[in-house]
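Next comes run_39.cif, with mmCIF, C-alpha atoms.
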```
data_my_file
loop_
_atom_site.group_PDB
_atom_site.id
_atom_site.type_symbol
_atom_site.label_atom_id
_atom_site.label_comp_id
_atom_site.auth_asym_id
_atom_site.auth_seq_id
_atom_site.Cartn_x
_atom_site.Cartn_y
_atom_site.Cartn_z
ATOM 1 C CA MET A 1 -22.057 -21.667 -102.368
ATOM 2 C CA LYS A 2 -18.670 -21.619 -100.667
ATOM 3 C CA SER A 3 -19.327 -22.550 -97.048
ATOM 4 C CA TRP A 4 -21.973 -23.675 -94.588
ATOM 5 C CA ALA A 5 -21.991 -20.151 -93.181
ATOM 6 C CA ASP A 6 -23.709 -19.033 -96.407
ATOM 7 C CA ILE A 7 -26.830 -21.183 -95.920
ATOM 8 C CA SER A 8 -29.383 -22.350 -93.393
ATOM 9 C CA TRP A 9 -28.933 -25.983 -92.423
ATOM 10 C CA THR A 10 -29.737 -28.597 -89.839
ATOM 11 C CA ARG A 11 -28.617 -32.108 -88.954
ATOM 12 C CA ALA A 12 -30.419 -35.231 -90.080
ATOM 13 C CA VAL A 13 -30.008 -38.810 -88.929
ATOM 14 C CA VAL A 14 -29.298 -41.352 -91.650
ATOM 15 C CA SER A 15 -32.003 -44.011 -91.896
ATOM 16 C CA GLU A 16 -30.485 -46.100 -94.682
ATOM 17 C CA ASN A 17 -27.591 -46.011 -97.124
ATOM 18 C CA LEU A 18 -28.086 -48.667 -99.780
ATOM 19 C CA LYS A 19 -25.445 -49.603 -102.326
ATOM 20 C CA ILE A 20 -27.594 -50.114 -105.422
ATOM 21 C CA ALA A 21 -24.847 -50.523 -108.056
ATOM 22 C CA GLU A 22 -21.081 -50.306 -108.299
ATOM 23 C CA SER A 23 -20.147 -47.030 -106.509
ATOM 24 C CA ALA A 24 -23.818 -45.930 -106.521
ATOM 25 C CA TYR A 25 -25.822 -45.342 -103.359
ATOM 26 C CA LEU A 26 -29.314 -44.345 -102.272
ATOM 27 C CA LEU A 27 -29.100 -42.362 -99.049
ATOM 28 C CA LYS A 28 -32.239 -41.891 -96.941
ATOM 29 C CA PHE A 29 -33.098 -39.674 -93.980
ATOM 30 C CA PRO A 30 -36.436 -38.585 -92.473
ATOM 31 C CA ARG A 31 -38.177 -35.721 -94.255
ATOM 32 C CA THR A 32 -38.548 -32.783 -91.844
ATOM 33 C CA PHE A 33 -39.175 -30.088 -94.457
ATOM 34 C CA ASP A 34 -41.358 -29.360 -97.448
ATOM 35 C CA PHE A 35 -39.828 -29.171 -100.912
ATOM 36 C CA GLN A 36 -40.811 -29.018 -104.557
ATOM 37 C CA ALA A 37 -39.891 -31.809 -106.958
ATOM 38 C CA GLY A 38 -36.777 -30.725 -108.831
ATOM 39 C CA GLN A 39 -35.151 -28.928 -105.911
ATOM 40 C CA VAL A 40 -31.747 -29.693 -104.429
ATOM 41 C CA VAL A 41 -30.214 -29.786 -100.970
ATOM 42 C CA ALA A 42 -26.644 -29.187 -99.869
ATOM 43 C CA LEU A 43 -25.111 -32.086 -97.938
ATOM 44 C CA GLY A 44 -22.036 -32.436 -95.782
ATOM 45 C CA THR A 45 -20.438 -34.305 -92.927
ATOM 46 C CA ASP A 46 -18.003 -31.648 -91.682
ATOM 47 C CA PRO A 47 -18.636 -27.875 -91.355
ATOM 48 C CA ASP A 48 -15.053 -27.229 -92.460
ATOM 49 C CA LEU A 49 -15.688 -28.800 -95.871
ATOM 50 C CA ALA A 50 -17.628 -26.985 -98.591
ATOM 51 C CA PRO A 51 -21.227 -28.194 -99.079
ATOM 52 C CA ARG A 52 -22.166 -30.162 -102.197
ATOM 53 C CA LEU A 53 -25.497 -30.076 -104.004
ATOM 54 C CA TYR A 54 -27.688 -33.117 -104.680
ATOM 55 C CA SER A 55 -31.124 -33.401 -106.236
ATOM 56 C CA ILE A 56 -33.896 -34.933 -104.169
ATOM 57 C CA ALA A 57 -35.112 -38.208 -105.693
ATOM 58 C CA SER A 58 -38.140 -38.846 -103.485
ATOM 59 C CA GLY A 59 -41.727 -37.651 -103.749
ATOM 60 C CA GLU A 60 -42.893 -34.480 -102.055
ATOM 61 C CA GLN A 61 -45.046 -36.404 -99.567
ATOM 62 C CA ASP A 62 -42.708 -39.345 -98.972
ATOM 63 C CA PRO A 63 -41.673 -39.834 -95.329
ATOM 64 C CA PHE A 64 -37.996 -40.028 -96.259
ATOM 65 C CA VAL A 65 -35.734 -37.894 -98.428
ATOM 66 C CA ASP A 66 -33.863 -39.987 -101.009
ATOM 67 C CA ILE A 67 -30.489 -38.870 -102.356
ATOM 68 C CA LEU A 68 -28.969 -40.757 -105.288
ATOM 69 C CA PHE A 69 -25.206 -40.355 -105.628
ATOM 70 C CA THR A 70 -22.102 -42.060 -106.951
ATOM 71 C CA GLU A 71 -18.855 -42.273 -105.047
ATOM 72 C CA LYS A 72 -16.156 -40.335 -106.890
ATOM 73 C CA SER A 73 -12.559 -41.458 -106.553
ATOM 74 C CA GLY A 74 -10.717 -38.586 -104.920
ATOM 75 C CA GLY A 75 -13.953 -36.712 -104.256
ATOM 76 C CA SER A 76 -14.169 -34.381 -101.286
ATOM 77 C CA LEU A 77 -17.522 -35.660 -99.993
ATOM 78 C CA THR A 78 -18.884 -38.776 -101.730
ATOM 79 C CA PRO A 79 -16.316 -41.179 -100.158
ATOM 80 C CA MET A 80 -17.570 -40.006 -96.750
ATOM 81 C CA LEU A 81 -21.217 -40.201 -97.789
ATOM 82 C CA SER A 82 -20.748 -43.778 -98.964
ATOM 83 C CA ARG A 83 -19.485 -44.770 -95.498
ATOM 84 C CA LEU A 84 -22.470 -43.357 -93.614
ATOM 85 C CA LYS A 85 -24.487 -45.879 -91.622
ATOM 86 C CA PRO A 86 -27.956 -45.747 -90.036
ATOM 87 C CA GLY A 87 -27.803 -43.462 -87.005
ATOM 88 C CA ASP A 88 -24.960 -41.319 -88.363
ATOM 89 C CA SER A 89 -25.377 -37.552 -88.541
ATOM 90 C CA LEU A 90 -25.596 -35.639 -91.825
ATOM 91 C CA MET A 91 -25.623 -31.893 -92.515
ATOM 92 C CA VAL A 92 -28.581 -30.916 -94.709
ATOM 93 C CA SER A 93 -29.537 -27.482 -96.055
ATOM 94 C CA LYS A 94 -33.020 -26.205 -96.719
ATOM 95 C CA PRO A 95 -34.179 -27.227 -100.216
ATOM 96 C CA PHE A 96 -33.840 -24.717 -103.013
ATOM 97 C CA GLY A 97 -33.715 -24.481 -106.808
ATOM 98 C CA THR A 98 -35.954 -23.540 -109.722
ATOM 99 C CA PHE A 99 -36.045 -26.728 -111.833
ATOM 100 C CA THR A 100 -39.578 -27.262 -110.571
ATOM 101 C CA LYS A 101 -41.923 -26.486 -113.467
ATOM 102 C CA ILE A 102 -42.068 -29.889 -115.136
ATOM 103 C CA GLN A 103 -45.318 -30.204 -117.057
ATOM 104 C CA PRO A 104 -47.399 -33.364 -117.545
ATOM 105 C CA GLY A 105 -46.836 -35.108 -120.868
ATOM 106 C CA SER A 106 -43.254 -33.892 -121.194
ATOM 107 C CA VAL A 107 -40.091 -35.666 -122.329
ATOM 108 C CA LEU A 108 -37.575 -36.075 -119.494
ATOM 109 C CA VAL A 109 -34.008 -36.768 -120.617
ATOM 110 C CA ALA A 110 -31.340 -37.672 -118.054
ATOM 111 C CA ALA A 111 -27.908 -39.251 -117.813
ATOM 112 C CA GLY A 112 -26.780 -41.332 -114.841
ATOM 113 C CA THR A 113 -27.765 -40.074 -111.391
ATOM 114 C CA ARG A 114 -29.219 -36.913 -112.943
ATOM 115 C CA LEU A 115 -32.434 -38.916 -113.190
ATOM 116 C CA ALA A 116 -33.114 -37.886 -109.557
ATOM 117 C CA PRO A 117 -35.228 -34.716 -110.107
ATOM 118 C CA PHE A 118 -37.393 -36.552 -112.637
ATOM 119 C CA MET A 119 -37.972 -39.379 -110.149
ATOM 120 C CA SER A 120 -39.129 -36.775 -107.651
ATOM 121 C CA ALA A 121 -41.529 -35.271 -110.192
ATOM 122 C CA LEU A 122 -42.937 -38.684 -111.118
ATOM 123 C CA LYS A 123 -43.384 -39.773 -107.496
ATOM 124 C CA SER A 124 -45.038 -36.429 -106.712
ATOM 125 C CA GLY A 125 -47.596 -36.879 -109.491
ATOM 126 C CA LYS A 126 -46.282 -33.894 -111.441
ATOM 127 C CA ALA A 127 -45.137 -35.702 -114.580
ATOM 128 C CA ARG A 128 -48.148 -37.745 -115.605
ATOM 129 C CA GLY A 129 -47.923 -38.949 -119.190
ATOM 130 C CA ALA A 130 -44.209 -38.203 -119.348
ATOM 131 C CA THR A 131 -41.667 -40.074 -121.447
ATOM 132 C CA VAL A 132 -38.347 -40.770 -119.710
ATOM 133 C CA ILE A 133 -35.161 -41.223 -121.734
ATOM 134 C CA HIS A 134 -32.341 -42.383 -119.462
ATOM 135 C CA GLY A 135 -28.744 -42.814 -120.525
ATOM 136 C CA ALA A 136 -26.181 -44.975 -118.727
ATOM 137 C CA SER A 137 -22.852 -46.568 -119.529
ATOM 138 C CA TYR A 138 -23.845 -50.022 -118.204
ATOM 139 C CA PRO A 139 -27.259 -51.637 -117.530
ATOM 140 C CA GLU A 140 -26.730 -51.737 -113.750
ATOM 141 C CA PHE A 141 -26.842 -47.944 -113.781
ATOM 142 C CA PHE A 142 -30.444 -47.825 -114.974
ATOM 143 C CA TYR A 143 -31.538 -46.659 -111.539
ATOM 144 C CA PHE A 144 -35.184 -47.181 -110.466
ATOM 145 C CA ASP A 145 -35.793 -49.222 -113.618
ATOM 146 C CA GLU A 146 -38.423 -51.468 -112.018
ATOM 147 C CA TYR A 147 -40.455 -48.452 -110.879
ATOM 148 C CA LEU A 148 -40.091 -46.747 -114.253
ATOM 149 C CA GLU A 149 -41.021 -49.859 -116.240
ATOM 150 C CA GLU A 150 -44.125 -50.408 -114.112
ATOM 151 C CA THR A 151 -45.146 -46.743 -114.121
ATOM 152 C CA LEU A 152 -44.321 -45.668 -117.671
ATOM 153 C CA LYS A 153 -44.431 -48.907 -119.671
ATOM 154 C CA GLU A 154 -43.375 -48.127 -123.273
ATOM 155 C CA LYS A 155 -42.686 -44.502 -122.345
ATOM 156 C CA TYR A 156 -39.554 -45.566 -120.443
ATOM 157 C CA LEU A 157 -36.677 -45.581 -122.944
ATOM 158 C CA ARG A 158 -33.125 -46.621 -122.063
ATOM 159 C CA CYS A 159 -29.854 -45.846 -123.817
ATOM 160 C CA CYS A 160 -26.765 -47.876 -122.915
ATOM 161 C CA SER A 161 -23.508 -46.632 -124.388
ATOM 162 C CA ARG A 162 -21.246 -49.621 -123.623
ATOM 163 C CA VAL A 163 -23.397 -52.756 -123.742
ATOM 164 C CA ALA A 164 -25.398 -53.987 -126.709
ATOM 165 C CA GLY A 165 -27.954 -56.762 -126.916
ATOM 166 C CA GLY A 166 -30.490 -55.757 -124.270
ATOM 167 C CA ASP A 167 -33.935 -54.204 -124.593
ATOM 168 C CA TRP A 168 -32.367 -50.767 -124.847
ATOM 169 C CA PHE A 169 -30.858 -48.525 -127.481
ATOM 170 C CA HIS A 170 -27.132 -49.170 -127.854
ATOM 171 C CA GLY A 171 -25.536 -45.735 -127.804
ATOM 172 C CA ARG A 172 -25.669 -42.379 -126.112
ATOM 173 C CA VAL A 173 -28.792 -40.352 -125.500
ATOM 174 C CA THR A 174 -27.702 -37.907 -128.200
ATOM 175 C CA ALA A 175 -27.540 -40.680 -130.800
ATOM 176 C CA PHE A 176 -30.969 -41.908 -129.758
ATOM 177 C CA ILE A 177 -32.463 -38.423 -130.118
ATOM 178 C CA GLU A 178 -31.098 -38.171 -133.667
ATOM 179 C CA GLN A 179 -33.072 -41.236 -134.814
ATOM 180 C CA TRP A 180 -36.030 -41.293 -132.403
ATOM 181 C CA LYS A 181 -39.208 -41.736 -134.433
ATOM 182 C CA GLY A 182 -41.370 -40.718 -131.492
ATOM 183 C CA LEU A 183 -39.942 -37.220 -131.240
ATOM 184 C CA ASP A 184 -42.672 -34.556 -131.103
ATOM 185 C CA PRO A 185 -41.449 -30.927 -131.409
ATOM 186 C CA GLY A 186 -44.622 -29.732 -129.718
ATOM 187 C CA ARG A 187 -43.827 -31.436 -126.422
ATOM 188 C CA LYS A 188 -41.857 -29.809 -123.626
ATOM 189 C CA HIS A 189 -38.389 -31.359 -123.166
ATOM 190 C CA TYR A 190 -36.491 -31.272 -119.876
ATOM 191 C CA LEU A 191 -32.796 -32.188 -119.784
ATOM 192 C CA CYS A 192 -30.671 -33.016 -116.751
ATOM 193 C CA GLY A 193 -27.002 -33.911 -116.905
ATOM 194 C CA SER A 194 -23.517 -32.560 -117.412
ATOM 195 C CA ALA A 195 -22.983 -29.370 -119.387
ATOM 196 C CA GLU A 196 -21.716 -31.408 -122.335
ATOM 197 C CA MET A 197 -24.733 -33.741 -122.301
ATOM 198 C CA VAL A 198 -27.218 -30.878 -122.016
ATOM 199 C CA VAL A 199 -25.666 -28.812 -124.815
ATOM 200 C CA GLN A 200 -25.335 -31.742 -127.194
ATOM 201 C CA THR A 201 -28.850 -33.022 -126.520
ATOM 202 C CA ARG A 202 -30.347 -29.556 -126.874
ATOM 203 C CA ASP A 203 -28.545 -29.102 -130.202
ATOM 204 C CA ARG A 204 -29.935 -32.398 -131.515
ATOM 205 C CA LEU A 205 -33.456 -31.502 -130.422
ATOM 206 C CA ILE A 206 -33.265 -28.101 -132.105
ATOM 207 C CA SER A 207 -31.849 -29.647 -135.285
ATOM 208 C CA ARG A 208 -34.905 -31.908 -135.356
ATOM 209 C CA GLY A 209 -37.338 -29.043 -135.068
ATOM 210 C CA VAL A 210 -37.920 -28.669 -131.331
ATOM 211 C CA PRO A 211 -38.245 -24.941 -130.554
ATOM 212 C CA PHE A 212 -35.803 -23.529 -128.014
ATOM 213 C CA LYS A 213 -38.770 -22.457 -125.866
ATOM 214 C CA ASN A 214 -39.748 -26.134 -125.523
ATOM 215 C CA ILE A 215 -36.412 -27.063 -123.920
ATOM 216 C CA ASP A 216 -35.501 -26.528 -120.269
ATOM 217 C CA ALA A 217 -32.398 -27.846 -118.550
ATOM 218 C CA GLU A 218 -30.588 -28.312 -115.266
ATOM 219 C CA ILE A 219 -26.811 -28.705 -115.453
ATOM 220 C CA PHE A 220 -24.849 -30.657 -112.856
ATOM 221 C CA PHE A 221 -21.081 -30.500 -112.587
#
```

Transcribe the structure of this file into structure tokens.
Amino acid sequence: MKSWADISWTRAVVSENLKIAESAYLLKFPRTFDFQAGQVVALGTDPDLAPRLYSIASGEQDPFVDILFTEKSGGSLTPMLSRLKPGDSLMVSKPFGTFTKIQPGSVLVAAGTRLAPFMSALKSGKARGATVIHGASYPEFFYFDEYLEETLKEKYLRCCSRVAGGDWFHGRVTAFIEQWKGLDPGRKHYLCGSAEMVVQTRDRLISRGVPFKNIDAEIFF
């Protein structure tokens, strides 16, 4: 996707833009379209700048669309997104994407803000009985942790790579997968993260007996 001329889009009015952690924001605007959990939208503030893709983090029937993002130093869009205030205008594409087949009882593995499509699936009632494994560098980046703790109880597993001593696994998601006693090769596993995270996690799952057919992934750059 190179330009806004390539896609169908409309303008939305920002309802809220909450800073929920250092450089992390939850952007909200009214939902005026239908979507499937796992889909993405392209966002922008200027038609002359290339659109960027973001997963929807809200439920399919929620009145607002939630977008979880982190401000990137030197980024072409996120510094502008972080400055948006209620009432500001935002360019939004129609939703699209195929990461929409999450099955109940699956294992959902995400790093950082890539938790968003799994939040959408959970809030839409499409991931009942799921186990969520979320990796973050610091505890403040365990987004939506209160919701996940209340909803999933012991099936919400956290991996913190830089801080030890909490009620989480100290290390990366890949290290957790290598020693996870609860791993079940018969369950479907969905991965969402960078290319490096997805490849490394998939390799660990396969090495522990999970068939390739039981692994699906969405890569974000």

Report task. List, as a list in words, every residue that the PyMOL selection byres ((chain A and resi 97) around 12) selects in the file provided. Result ->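 When the PyMOL selection byres ((chain A and resi 97) around 12) is applied, the selected residues are Phe35, Gln36, Ala37, Gly38, Gln39, Val40, Val41, Ala42, Leu53, Tyr54, Ser55, Ile56, Ser93, Lys94, Pro95, Phe96, Thr98, Phe99, Thr100, Lys101, Pro117, Glu218 and Ile219 of chain A.
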
Report task. Find the spatial neighbours of Glu22 in chain A, counting all atoms listed in the file, within a cut-off of 9 Å - ignore same-chain residues fewer than 3 positions away - and output them as number ranges by chain. Result -> A: 19, 25, 70-71, 140-141

**Report entry** Shell around range 47-50 of chain A at 8 Å using all atoms listed in the file, local window under 3 positions removed, as a list of chain:residue names
**Finding:**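 The residues satisfying every condition are A:Met1, A:Lys2, A:Ser3, A:Trp4, A:Gly44, A:Ser76.
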
Report task. Rank A:Asn17, A:Thr174, A:Gln179, A:Thr131 by their smallest atom-to-atom distance to Lys155 in chain A, using all atoms listed in the file, and report the top residue only. Result -> A:Thr131

Requested in this report: Any chance you could resolve the PyMOL selection byres ((chain A and resi 197-200) around 8) against this file and give the residues as a ChimeraX atom specification?
Outcome: /A:111,174,191-196,201-204,217-219

Query - Contacts of Leu84 in chain A within 9 Å, only C-alpha atoms, excl. fewer than 5 positions in-chain, as an NGL selection string - result: :A and (14 or 16-17 or 27 or 89-90)

Requested in this report: Grab the CA of Trp168 in chain A to CA of Glu149 in chain A distance for me, in Å with one decimal place.
Outcome: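 Answer for the CA of Trp168 in chain A to CA of Glu149 in chain A separation: 12.2 Å.
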
**Report entry** Result set, the PyMOL selection byres ((chain A and resi 9) around 7) on current file, as a ChimeraX atom specification
**Finding:** /A:7-8,10,91-94

Output file for the selection above: C-alpha atoms, as a short mmCIF file (atom, residue, chain, number, x, y, z; two decimals), in the frame of the given file:
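Written file, selection-v6.cif:
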```cif
data_model
loop_
_atom_site.label_atom_id
_atom_site.label_comp_id
_atom_site.auth_asym_id
_atom_site.auth_seq_id
_atom_site.Cartn_x
_atom_site.Cartn_y
_atom_site.Cartn_z
CA ILE A 7 -26.83 -21.18 -95.92
CA SER A 8 -29.38 -22.35 -93.39
CA THR A 10 -29.74 -28.60 -89.84
CA MET A 91 -25.62 -31.89 -92.52
CA VAL A 92 -28.58 -30.92 -94.71
CA SER A 93 -29.54 -27.48 -96.06
CA LYS A 94 -33.02 -26.20 -96.72
#
```

Query raised in the report: For Phe64 in chain A, which residue out of A:Pro211, A:Pro30, A:Pro79, A:Pro51 is the nearest one, using all atoms listed in the file?
Result: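 Going through A:Pro211, A:Pro30, A:Pro79, A:Pro51 one by one, the smallest distance to Phe64 in chain A is for A:Pro30.
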
Report task. Mind giving me the straight-line distance from CA of Asp66 in chain A to CA of Arg31 in chain A in Å, one decimal? Result ->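 Computing it gives 9.1 Å between the two atoms.
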